[in-house]
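Enquirer: This is work.cif (mmCIF, N, CA and C atoms).
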data_model
#
loop_
_atom_site.label_atom_id
_atom_site.label_comp_id
_atom_site.auth_asym_id
_atom_site.auth_seq_id
_atom_site.Cartn_x
_atom_site.Cartn_y
_atom_site.Cartn_z
N MET A 984 -55.64 99.32 -50.30
CA MET A 984 -54.49 98.76 -49.66
C MET A 984 -54.13 99.52 -48.39
N ARG A 985 -54.49 100.80 -48.32
CA ARG A 985 -54.18 101.60 -47.15
C ARG A 985 -55.18 101.37 -46.02
N ILE A 986 -56.31 100.78 -46.32
CA ILE A 986 -57.35 100.57 -45.30
C ILE A 986 -56.85 99.68 -44.18
N PRO A 987 -56.18 98.54 -44.43
CA PRO A 987 -55.69 97.73 -43.32
C PRO A 987 -54.71 98.50 -42.44
N ALA A 988 -53.87 99.33 -43.02
CA ALA A 988 -52.92 100.10 -42.22
C ALA A 988 -53.66 101.13 -41.37
N LEU A 989 -54.67 101.76 -41.93
CA LEU A 989 -55.45 102.74 -41.18
C LEU A 989 -56.22 102.06 -40.05
N LEU A 990 -56.78 100.89 -40.32
CA LEU A 990 -57.50 100.15 -39.28
C LEU A 990 -56.55 99.74 -38.15
N ALA A 991 -55.36 99.30 -38.49
CA ALA A 991 -54.38 98.90 -37.48
C ALA A 991 -53.98 100.10 -36.63
N ALA A 992 -53.77 101.25 -37.26
CA ALA A 992 -53.39 102.46 -36.53
C ALA A 992 -54.53 102.90 -35.61
N ALA A 993 -55.76 102.82 -36.09
CA ALA A 993 -56.92 103.19 -35.26
C ALA A 993 -57.05 102.25 -34.07
N ALA A 994 -56.83 100.97 -34.30
CA ALA A 994 -56.92 99.99 -33.21
C ALA A 994 -55.85 100.27 -32.17
N LEU A 995 -54.64 100.57 -32.60
CA LEU A 995 -53.56 100.89 -31.66
C LEU A 995 -53.88 102.16 -30.87
N GLY A 996 -54.43 103.15 -31.53
CA GLY A 996 -54.80 104.40 -30.85
C GLY A 996 -55.88 104.15 -29.81
N PHE A 997 -56.86 103.33 -30.15
CA PHE A 997 -57.92 103.00 -29.20
C PHE A 997 -57.36 102.22 -28.02
N ALA A 998 -56.49 101.25 -28.27
CA ALA A 998 -55.91 100.44 -27.20
C ALA A 998 -55.10 101.31 -26.24
N ALA A 999 -54.49 102.35 -26.73
CA ALA A 999 -53.69 103.22 -25.87
C ALA A 999 -54.57 104.04 -24.94
N THR A 1000 -55.84 104.25 -25.30
CA THR A 1000 -56.73 105.04 -24.44
C THR A 1000 -57.45 104.21 -23.40
N VAL A 1001 -57.46 102.89 -23.55
CA VAL A 1001 -58.13 102.01 -22.60
C VAL A 1001 -57.15 101.66 -21.49
N PRO A 1002 -57.51 101.95 -20.23
CA PRO A 1002 -56.58 101.63 -19.15
C PRO A 1002 -56.40 100.12 -19.00
N ALA A 1003 -55.20 99.72 -18.67
CA ALA A 1003 -54.91 98.30 -18.47
C ALA A 1003 -55.63 97.80 -17.23
N ALA A 1004 -56.12 96.59 -17.27
CA ALA A 1004 -56.77 95.99 -16.11
C ALA A 1004 -55.71 95.73 -15.03
N PRO A 1005 -56.05 96.00 -13.77
CA PRO A 1005 -55.07 95.73 -12.72
C PRO A 1005 -54.79 94.23 -12.61
N LEU A 1006 -53.56 93.90 -12.34
CA LEU A 1006 -53.19 92.51 -12.16
C LEU A 1006 -53.63 92.07 -10.77
N LEU A 1007 -54.33 90.98 -10.70
CA LEU A 1007 -54.79 90.48 -9.42
C LEU A 1007 -53.78 89.48 -8.88
N ALA A 1008 -53.32 89.75 -7.69
CA ALA A 1008 -52.34 88.87 -7.06
C ALA A 1008 -53.05 87.72 -6.36
N GLN A 1009 -52.38 86.60 -6.28
CA GLN A 1009 -52.92 85.46 -5.56
C GLN A 1009 -52.58 85.63 -4.08
N VAL A 1010 -53.50 85.19 -3.23
CA VAL A 1010 -53.26 85.27 -1.80
C VAL A 1010 -52.09 84.35 -1.44
N LYS A 1011 -51.23 84.83 -0.55
CA LYS A 1011 -50.09 84.04 -0.08
C LYS A 1011 -50.04 84.10 1.43
N LEU A 1012 -49.41 83.12 2.03
CA LEU A 1012 -49.19 83.15 3.47
C LEU A 1012 -48.03 84.09 3.74
N ALA A 1013 -48.27 85.14 4.53
CA ALA A 1013 -47.24 86.12 4.85
C ALA A 1013 -46.50 85.77 6.14
N ALA A 1014 -47.21 85.15 7.09
CA ALA A 1014 -46.60 84.80 8.38
C ALA A 1014 -47.46 83.77 9.07
N SER A 1015 -46.85 83.09 10.03
CA SER A 1015 -47.61 82.13 10.86
C SER A 1015 -46.98 82.05 12.23
N THR A 1016 -47.79 81.66 13.19
CA THR A 1016 -47.31 81.36 14.54
C THR A 1016 -47.91 80.01 14.92
N PRO A 1017 -47.07 79.01 15.16
CA PRO A 1017 -45.63 78.95 15.03
C PRO A 1017 -45.21 79.08 13.58
N LYS A 1018 -43.93 79.45 13.39
CA LYS A 1018 -43.37 79.58 12.05
C LYS A 1018 -43.00 78.21 11.49
N GLN A 1019 -42.81 78.16 10.18
CA GLN A 1019 -42.36 76.95 9.51
C GLN A 1019 -41.08 76.44 10.17
N GLY A 1020 -41.07 75.17 10.57
CA GLY A 1020 -39.89 74.54 11.16
C GLY A 1020 -39.64 74.88 12.62
N ALA A 1021 -40.55 75.61 13.25
CA ALA A 1021 -40.34 76.05 14.64
C ALA A 1021 -40.41 74.88 15.62
N LYS A 1022 -39.76 75.07 16.75
CA LYS A 1022 -39.85 74.16 17.89
C LYS A 1022 -40.62 74.94 18.95
N ALA A 1023 -41.85 74.56 19.20
CA ALA A 1023 -42.72 75.32 20.10
C ALA A 1023 -43.00 74.53 21.37
N GLN A 1024 -43.50 75.25 22.39
CA GLN A 1024 -43.91 74.62 23.65
C GLN A 1024 -45.24 75.22 24.07
N GLY A 1025 -46.10 74.40 24.62
CA GLY A 1025 -47.37 74.89 25.17
C GLY A 1025 -48.23 75.64 24.17
N THR A 1026 -48.21 75.22 22.92
CA THR A 1026 -48.94 75.92 21.86
C THR A 1026 -50.44 75.81 22.06
N LYS A 1027 -51.07 76.97 22.29
CA LYS A 1027 -52.52 77.02 22.48
C LYS A 1027 -53.20 77.94 21.46
N VAL A 1028 -52.38 78.76 20.77
CA VAL A 1028 -52.89 79.67 19.74
C VAL A 1028 -52.03 79.52 18.49
N VAL A 1029 -52.69 79.36 17.35
CA VAL A 1029 -52.01 79.24 16.07
C VAL A 1029 -52.59 80.32 15.17
N THR A 1030 -51.71 81.04 14.45
CA THR A 1030 -52.21 82.10 13.55
C THR A 1030 -51.65 81.92 12.15
N LEU A 1031 -52.44 82.35 11.18
CA LEU A 1031 -52.05 82.42 9.78
C LEU A 1031 -52.34 83.84 9.31
N THR A 1032 -51.34 84.55 8.82
CA THR A 1032 -51.52 85.90 8.30
C THR A 1032 -51.26 85.87 6.81
N PHE A 1033 -52.22 86.37 6.04
CA PHE A 1033 -52.16 86.31 4.59
C PHE A 1033 -51.75 87.66 4.00
N SER A 1034 -51.34 87.64 2.75
CA SER A 1034 -50.85 88.82 2.05
C SER A 1034 -51.94 89.84 1.71
N GLU A 1035 -53.17 89.41 1.76
CA GLU A 1035 -54.30 90.30 1.46
C GLU A 1035 -55.52 89.80 2.21
N LYS A 1036 -56.58 90.60 2.18
CA LYS A 1036 -57.83 90.21 2.82
C LYS A 1036 -58.33 88.91 2.18
N VAL A 1037 -58.80 88.01 3.04
CA VAL A 1037 -59.24 86.69 2.60
C VAL A 1037 -60.76 86.59 2.73
N ASN A 1038 -61.38 85.89 1.82
CA ASN A 1038 -62.80 85.61 1.89
C ASN A 1038 -63.00 84.47 2.89
N PRO A 1039 -63.53 84.73 4.10
CA PRO A 1039 -63.68 83.67 5.10
C PRO A 1039 -64.51 82.48 4.62
N ALA A 1040 -65.43 82.71 3.70
CA ALA A 1040 -66.24 81.60 3.18
C ALA A 1040 -65.41 80.64 2.33
N LYS A 1041 -64.25 81.11 1.84
CA LYS A 1041 -63.39 80.27 1.01
C LYS A 1041 -62.06 79.99 1.71
N ALA A 1042 -62.08 80.02 3.04
CA ALA A 1042 -60.85 79.77 3.79
C ALA A 1042 -61.10 78.70 4.85
N SER A 1043 -60.08 77.89 5.08
CA SER A 1043 -60.16 76.90 6.15
C SER A 1043 -58.75 76.52 6.57
N ALA A 1044 -58.67 75.92 7.75
CA ALA A 1044 -57.38 75.46 8.26
C ALA A 1044 -57.61 74.18 9.05
N ALA A 1045 -56.60 73.34 9.04
CA ALA A 1045 -56.65 72.09 9.81
C ALA A 1045 -55.30 71.91 10.49
N ILE A 1046 -55.35 71.46 11.74
CA ILE A 1046 -54.14 71.11 12.47
C ILE A 1046 -54.07 69.59 12.47
N VAL A 1047 -52.97 69.05 11.94
CA VAL A 1047 -52.83 67.61 11.81
C VAL A 1047 -51.55 67.17 12.50
N MET A 1048 -51.67 66.26 13.48
CA MET A 1048 -50.49 65.68 14.12
C MET A 1048 -49.99 64.60 13.18
N THR A 1049 -48.71 64.73 12.77
CA THR A 1049 -48.15 63.78 11.81
C THR A 1049 -47.17 62.80 12.45
N ALA A 1050 -46.70 63.10 13.66
CA ALA A 1050 -45.80 62.19 14.36
C ALA A 1050 -45.89 62.46 15.85
N MET A 1051 -45.74 61.39 16.65
CA MET A 1051 -45.77 61.50 18.11
C MET A 1051 -44.50 60.86 18.65
N PRO A 1052 -43.80 61.56 19.58
CA PRO A 1052 -42.58 60.99 20.13
C PRO A 1052 -42.82 59.62 20.75
N GLY A 1053 -41.93 58.68 20.45
CA GLY A 1053 -42.02 57.34 21.02
C GLY A 1053 -43.01 56.42 20.35
N MET A 1054 -43.70 56.90 19.33
CA MET A 1054 -44.69 56.07 18.65
C MET A 1054 -44.29 55.93 17.17
N LYS A 1055 -43.79 54.77 16.82
CA LYS A 1055 -43.36 54.52 15.45
C LYS A 1055 -44.59 54.40 14.54
N ASP A 1056 -44.46 54.93 13.34
CA ASP A 1056 -45.54 54.85 12.34
C ASP A 1056 -46.85 55.44 12.85
N HIS A 1057 -46.78 56.59 13.50
CA HIS A 1057 -47.99 57.26 14.00
C HIS A 1057 -48.85 57.71 12.82
N PRO A 1058 -50.11 57.29 12.77
CA PRO A 1058 -50.97 57.75 11.67
C PRO A 1058 -51.33 59.23 11.88
N GLU A 1059 -51.68 59.90 10.80
CA GLU A 1059 -52.10 61.30 10.93
C GLU A 1059 -53.32 61.38 11.82
N MET A 1060 -53.34 62.43 12.68
CA MET A 1060 -54.46 62.62 13.60
C MET A 1060 -54.92 64.07 13.50
N LEU A 1061 -56.16 64.27 13.11
CA LEU A 1061 -56.74 65.60 13.00
C LEU A 1061 -57.04 66.15 14.39
N ILE A 1062 -56.57 67.36 14.67
CA ILE A 1062 -56.83 68.03 15.95
C ILE A 1062 -58.06 68.91 15.75
N ARG A 1063 -59.08 68.69 16.55
CA ARG A 1063 -60.36 69.39 16.35
C ARG A 1063 -60.73 70.36 17.47
N ASN A 1064 -59.92 70.45 18.51
CA ASN A 1064 -60.34 71.23 19.68
C ASN A 1064 -59.93 72.70 19.59
N PHE A 1065 -60.25 73.36 18.46
CA PHE A 1065 -59.95 74.78 18.33
C PHE A 1065 -61.14 75.55 17.79
N THR A 1066 -61.11 76.86 18.05
CA THR A 1066 -62.13 77.77 17.54
C THR A 1066 -61.45 78.78 16.62
N PRO A 1067 -61.89 78.90 15.36
CA PRO A 1067 -61.28 79.88 14.46
C PRO A 1067 -61.90 81.27 14.62
N SER A 1068 -61.11 82.29 14.38
CA SER A 1068 -61.61 83.67 14.36
C SER A 1068 -60.77 84.47 13.37
N TRP A 1069 -61.28 85.65 12.96
CA TRP A 1069 -60.61 86.49 11.98
C TRP A 1069 -60.31 87.87 12.55
N SER A 1070 -59.20 88.46 12.13
CA SER A 1070 -58.86 89.83 12.51
C SER A 1070 -59.81 90.80 11.80
N ALA A 1071 -59.87 92.04 12.30
CA ALA A 1071 -60.76 93.05 11.71
C ALA A 1071 -60.41 93.35 10.26
N ASP A 1072 -59.12 93.26 9.90
CA ASP A 1072 -58.72 93.55 8.51
C ASP A 1072 -58.90 92.36 7.57
N GLY A 1073 -59.32 91.20 8.10
CA GLY A 1073 -59.59 90.03 7.28
C GLY A 1073 -58.35 89.32 6.76
N LYS A 1074 -57.18 89.64 7.32
CA LYS A 1074 -55.94 89.01 6.84
C LYS A 1074 -55.42 87.90 7.76
N THR A 1075 -55.84 87.89 9.01
CA THR A 1075 -55.28 86.93 9.97
C THR A 1075 -56.36 86.01 10.53
N MET A 1076 -56.13 84.71 10.37
CA MET A 1076 -56.99 83.69 10.96
C MET A 1076 -56.29 83.19 12.23
N THR A 1077 -57.02 83.17 13.33
CA THR A 1077 -56.49 82.68 14.59
C THR A 1077 -57.25 81.43 14.99
N LEU A 1078 -56.51 80.38 15.34
CA LEU A 1078 -57.09 79.14 15.82
C LEU A 1078 -56.74 79.05 17.30
N THR A 1079 -57.75 79.15 18.16
CA THR A 1079 -57.54 79.11 19.60
C THR A 1079 -57.93 77.72 20.10
N LEU A 1080 -56.94 77.01 20.62
CA LEU A 1080 -57.15 75.64 21.11
C LEU A 1080 -57.67 75.66 22.55
N ARG A 1081 -58.51 74.69 22.89
CA ARG A 1081 -59.01 74.56 24.26
C ARG A 1081 -57.92 74.08 25.20
N LYS A 1082 -57.02 73.24 24.68
CA LYS A 1082 -55.88 72.74 25.46
C LYS A 1082 -54.63 72.86 24.60
N PRO A 1083 -53.46 73.04 25.23
CA PRO A 1083 -52.23 73.11 24.45
C PRO A 1083 -52.01 71.82 23.65
N LEU A 1084 -51.35 71.95 22.50
CA LEU A 1084 -51.04 70.78 21.69
C LEU A 1084 -50.07 69.87 22.43
N PRO A 1085 -50.30 68.56 22.42
CA PRO A 1085 -49.34 67.64 23.03
C PRO A 1085 -48.07 67.56 22.19
N ALA A 1086 -47.00 67.04 22.79
CA ALA A 1086 -45.73 66.89 22.07
C ALA A 1086 -45.93 66.10 20.79
N GLY A 1087 -45.32 66.57 19.72
CA GLY A 1087 -45.42 65.88 18.44
C GLY A 1087 -45.03 66.79 17.29
N THR A 1088 -45.18 66.28 16.09
CA THR A 1088 -44.92 67.03 14.87
C THR A 1088 -46.27 67.32 14.21
N TYR A 1089 -46.42 68.55 13.73
CA TYR A 1089 -47.72 69.00 13.21
C TYR A 1089 -47.58 69.65 11.85
N ASP A 1090 -48.65 69.54 11.06
CA ASP A 1090 -48.85 70.33 9.86
C ASP A 1090 -50.06 71.21 10.10
N LEU A 1091 -49.92 72.48 9.81
CA LEU A 1091 -51.04 73.40 9.80
C LEU A 1091 -51.37 73.60 8.33
N ARG A 1092 -52.43 72.94 7.86
CA ARG A 1092 -52.80 72.95 6.44
C ARG A 1092 -53.90 73.98 6.23
N TRP A 1093 -53.74 74.79 5.21
CA TRP A 1093 -54.68 75.88 4.97
C TRP A 1093 -55.07 75.99 3.50
N GLN A 1094 -56.21 76.64 3.30
CA GLN A 1094 -56.62 77.06 1.97
C GLN A 1094 -57.31 78.40 2.14
N ALA A 1095 -57.14 79.28 1.15
CA ALA A 1095 -57.71 80.62 1.23
C ALA A 1095 -57.81 81.21 -0.17
N ALA A 1096 -58.78 82.13 -0.33
CA ALA A 1096 -58.95 82.85 -1.59
C ALA A 1096 -58.99 84.33 -1.30
N GLY A 1097 -58.32 85.10 -2.13
CA GLY A 1097 -58.31 86.55 -1.99
C GLY A 1097 -59.25 87.19 -3.00
N ALA A 1098 -58.92 88.40 -3.42
CA ALA A 1098 -59.76 89.18 -4.32
C ALA A 1098 -59.96 88.52 -5.67
N ASP A 1099 -58.97 87.76 -6.14
CA ASP A 1099 -59.10 87.13 -7.45
C ASP A 1099 -59.98 85.89 -7.43
N GLY A 1100 -60.35 85.41 -6.22
CA GLY A 1100 -61.23 84.25 -6.09
C GLY A 1100 -60.54 82.91 -6.23
N ARG A 1101 -59.27 82.92 -6.60
CA ARG A 1101 -58.54 81.66 -6.77
C ARG A 1101 -58.14 81.10 -5.41
N VAL A 1102 -58.48 79.85 -5.18
CA VAL A 1102 -58.17 79.20 -3.90
C VAL A 1102 -56.73 78.69 -3.93
N MET A 1103 -55.95 79.13 -2.96
CA MET A 1103 -54.56 78.70 -2.82
C MET A 1103 -54.48 77.80 -1.58
N THR A 1104 -53.50 76.90 -1.57
CA THR A 1104 -53.33 76.00 -0.44
C THR A 1104 -51.86 75.99 -0.01
N GLY A 1105 -51.65 75.55 1.22
CA GLY A 1105 -50.29 75.43 1.72
C GLY A 1105 -50.27 74.76 3.07
N LYS A 1106 -49.07 74.65 3.64
CA LYS A 1106 -48.96 74.07 4.97
C LYS A 1106 -47.74 74.64 5.68
N VAL A 1107 -47.83 74.65 6.99
CA VAL A 1107 -46.75 75.04 7.87
C VAL A 1107 -46.49 73.85 8.78
N SER A 1108 -45.24 73.38 8.80
CA SER A 1108 -44.90 72.25 9.66
C SER A 1108 -44.10 72.75 10.84
N PHE A 1109 -44.40 72.20 12.04
CA PHE A 1109 -43.68 72.61 13.24
C PHE A 1109 -43.72 71.48 14.26
N ASP A 1110 -42.87 71.57 15.26
CA ASP A 1110 -42.79 70.59 16.34
C ASP A 1110 -43.21 71.22 17.66
N VAL A 1111 -43.83 70.44 18.51
CA VAL A 1111 -44.17 70.86 19.86
C VAL A 1111 -43.48 69.89 20.82
N SER A 1112 -42.82 70.46 21.83
CA SER A 1112 -42.15 69.59 22.81
C SER A 1112 -42.80 69.74 24.18
#
Written as C-alpha cells, how would this file's structure read?
Expert:
Amino acid sequence: MRIPALLAAAALGFAATVPAAPLLAQVKLAASTPKQGAKAQGTKVVTLTFSEKVNPAKASAAIVMTAMPGMKDHPEMLIRNFTPSWSADGKTMTLTLRKPLPAGTYDLRWQAAGADGRVMTGKVSFDVS
C-alpha cells in the first residue's frame, strides 16, 4: 500500500529537478509606419516591426487599396510596385514603393512566424491623401 505513495513522491522529486521548458511567445506586430488609423501623405516606404526575429521564409506582406476618393464601391486593388527588405536583426520588414501611394484607404496585410513557428496574421489600415 505504501508503494503508490513512494512512487508519487519519487515522481514529484524527479519533476522538481527537470527544468521547465521556456514558454514560446507568438510573434506580434510591435509597430508600423504608417500606424494603424494614420492619415499619411506621399507614402513611399511602409514598415512592419515585429516583437521578435521573424523567419523571412514564413513572412509576407501585401498592400491593398480598399477605397479610392470619389469612386463608390471601389473593389480591392493589390499594390505590387514595392520591394521588400529586412533589417539586420530580422525584426523589421520594409516595403519600398517605386512611386508614392495614390490617395485612398489601404490595408497593409501581413503574416509572420517567429521562433515557435506559428504563423500569425494581421493588418494595419491607414489613409493616404
Enquirer: Name the residues captured by the PyMOL selection byres ((chain A and resi 1093) around 7) when it is applied to the shown file; answer as a VMD selection string.
Expert: chain A and resid 1042 to 1045 1091 to 1092 1094 to 1095 1103 to 1107
Enquirer: For the residues selected in the previous step, produce a file with N, CA and C atoms as a compact mmCIF listing (two decimals), in the frame of the given file.
Expert:
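Printed below is again_27.txt as written:
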# COMPACT_ATOMS: atom_id res chain seq x y z
N ALA A 1042 -62.08 80.02 3.04
CA ALA A 1042 -60.85 79.77 3.79
C ALA A 1042 -61.10 78.70 4.85
N SER A 1043 -60.08 77.89 5.08
CA SER A 1043 -60.16 76.90 6.15
C SER A 1043 -58.75 76.52 6.57
N ALA A 1044 -58.67 75.92 7.75
CA ALA A 1044 -57.38 75.46 8.26
C ALA A 1044 -57.61 74.18 9.05
N ALA A 1045 -56.60 73.34 9.04
CA ALA A 1045 -56.65 72.09 9.81
C ALA A 1045 -55.30 71.91 10.49
N LEU A 1091 -49.92 72.48 9.81
CA LEU A 1091 -51.04 73.40 9.80
C LEU A 1091 -51.37 73.60 8.33
N ARG A 1092 -52.43 72.94 7.86
CA ARG A 1092 -52.80 72.95 6.44
C ARG A 1092 -53.90 73.98 6.23
N GLN A 1094 -56.21 76.64 3.30
CA GLN A 1094 -56.62 77.06 1.97
C GLN A 1094 -57.31 78.40 2.14
N ALA A 1095 -57.14 79.28 1.15
CA ALA A 1095 -57.71 80.62 1.23
C ALA A 1095 -57.81 81.21 -0.17
N MET A 1103 -55.95 79.13 -2.96
CA MET A 1103 -54.56 78.70 -2.82
C MET A 1103 -54.48 77.80 -1.58
N THR A 1104 -53.50 76.90 -1.57
CA THR A 1104 -53.33 76.00 -0.44
C THR A 1104 -51.86 75.99 -0.01
N GLY A 1105 -51.65 75.55 1.22
CA GLY A 1105 -50.29 75.43 1.72
C GLY A 1105 -50.27 74.76 3.07
N LYS A 1106 -49.07 74.65 3.64
CA LYS A 1106 -48.96 74.07 4.97
C LYS A 1106 -47.74 74.64 5.68
N VAL A 1107 -47.83 74.65 6.99
CA VAL A 1107 -46.75 75.04 7.87
C VAL A 1107 -46.49 73.85 8.78
Enquirer: Determine, counting only N, CA and C atoms, which protein, DNA and RNA residues have an atom within 6 Å of an atom of segment 1006-1018 of chain A; residues of the same chain fewer than 3 positions away are not included. Present the result as an mmCIF file with N, CA and C atoms, in the coordinates of the input.
Expert:
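See result29.cif below for the written result:
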data_model
loop_
_atom_site.group_PDB
_atom_site.id
_atom_site.type_symbol
_atom_site.label_atom_id
_atom_site.label_comp_id
_atom_site.auth_asym_id
_atom_site.auth_seq_id
_atom_site.Cartn_x
_atom_site.Cartn_y
_atom_site.Cartn_z
ATOM 1 N N ALA A 1021 -40.550 75.610 13.250
ATOM 2 C CA ALA A 1021 -40.340 76.050 14.640
ATOM 3 C C ALA A 1021 -40.410 74.880 15.620
ATOM 4 N N VAL A 1028 -52.380 78.760 20.770
ATOM 5 C CA VAL A 1028 -52.890 79.670 19.740
ATOM 6 C C VAL A 1028 -52.030 79.520 18.490
ATOM 7 N N VAL A 1029 -52.690 79.360 17.350
ATOM 8 C CA VAL A 1029 -52.010 79.240 16.070
ATOM 9 C C VAL A 1029 -52.590 80.320 15.170
ATOM 10 N N THR A 1030 -51.710 81.040 14.450
ATOM 11 C CA THR A 1030 -52.210 82.100 13.550
ATOM 12 C C THR A 1030 -51.650 81.920 12.150
ATOM 13 N N LEU A 1031 -52.440 82.350 11.180
ATOM 14 C CA LEU A 1031 -52.050 82.420 9.780
ATOM 15 C C LEU A 1031 -52.340 83.840 9.310
ATOM 16 N N THR A 1032 -51.340 84.550 8.820
ATOM 17 C CA THR A 1032 -51.520 85.900 8.300
ATOM 18 C C THR A 1032 -51.260 85.870 6.810
ATOM 19 N N PHE A 1033 -52.220 86.370 6.040
ATOM 20 C CA PHE A 1033 -52.160 86.310 4.590
ATOM 21 C C PHE A 1033 -51.750 87.660 4.000
ATOM 22 N N SER A 1034 -51.340 87.640 2.750
ATOM 23 C CA SER A 1034 -50.850 88.820 2.050
ATOM 24 C C SER A 1034 -51.940 89.840 1.710
ATOM 25 N N GLU A 1035 -53.170 89.410 1.760
ATOM 26 C CA GLU A 1035 -54.300 90.300 1.460
ATOM 27 C C GLU A 1035 -55.520 89.800 2.210
ATOM 28 N N ALA A 1096 -58.780 82.130 -0.330
ATOM 29 C CA ALA A 1096 -58.950 82.850 -1.590
ATOM 30 C C ALA A 1096 -58.990 84.330 -1.300
ATOM 31 N N GLY A 1097 -58.320 85.100 -2.130
ATOM 32 C CA GLY A 1097 -58.310 86.550 -1.990
ATOM 33 C C GLY A 1097 -59.250 87.190 -3.000
ATOM 34 N N ASP A 1099 -58.970 87.760 -6.140
ATOM 35 C CA ASP A 1099 -59.100 87.130 -7.450
ATOM 36 C C ASP A 1099 -59.980 85.890 -7.430
ATOM 37 N N SER A 1108 -45.240 73.380 8.800
ATOM 38 C CA SER A 1108 -44.900 72.250 9.660
ATOM 39 C C SER A 1108 -44.100 72.750 10.840
ATOM 40 N N PHE A 1109 -44.400 72.200 12.040
ATOM 41 C CA PHE A 1109 -43.680 72.610 13.240
ATOM 42 C C PHE A 1109 -43.720 71.480 14.260
#
Enquirer: Name the residues in contact with segment 1060-1064 of chain A at a cut-off of 9 Å, using only C-alpha atoms, excluding same-chain residues fewer than 6 positions from it; report them as a list in words.
Expert: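 Contacts, with the query itself left out: Ala1045, Ile1046, Val1047, Met1048, Thr1049, Ala1050, Thr1079, Leu1080, Arg1081, Lys1082 and Leu1084 of chain A.
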Enquirer: Rounded to one decimal in Å, what is the spacing between atom CA of Thr1026 of chain A and atom CA of Tyr1089 of chain A?
Expert: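 Spanning atom CA of Thr1026 of chain A to atom CA of Tyr1089 of chain A is a straight-line distance of 11.1 Å.
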Enquirer: Quick check, in Å to one decimal: how far apart do atom N of Met1051 of chain A and atom N of Gly1087 of chain A lie?
Expert: 6.0 Å
Enquirer: What is the distance between atom N of His1057 of chain A and atom N of Thr1077 of chain A, in Å to one decimal?
Expert: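 Atom-to-atom, atom N of His1057 of chain A and atom N of Thr1077 of chain A are spaced 28.5 Å apart.
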Enquirer: When DSSP works through the backbone of this structure, what residues of chain A end up as strand (DSSP E), shown as a PyMOL selection string?
Expert: chain A and resi 1012-1016+1022-1023+1028-1033+1043-1050+1060-1062+1065-1069+1075-1080+1087-1096+1102-1111
Enquirer: Please write as a PyMOL selection string the list of polymer residues whose atoms come within 7 Å of (-40.7, 69.2, 26.1), counting all atoms listed in the file and keeping to the coordinates of the file.
Expert: chain A and resi 1024+1086+1111-1112
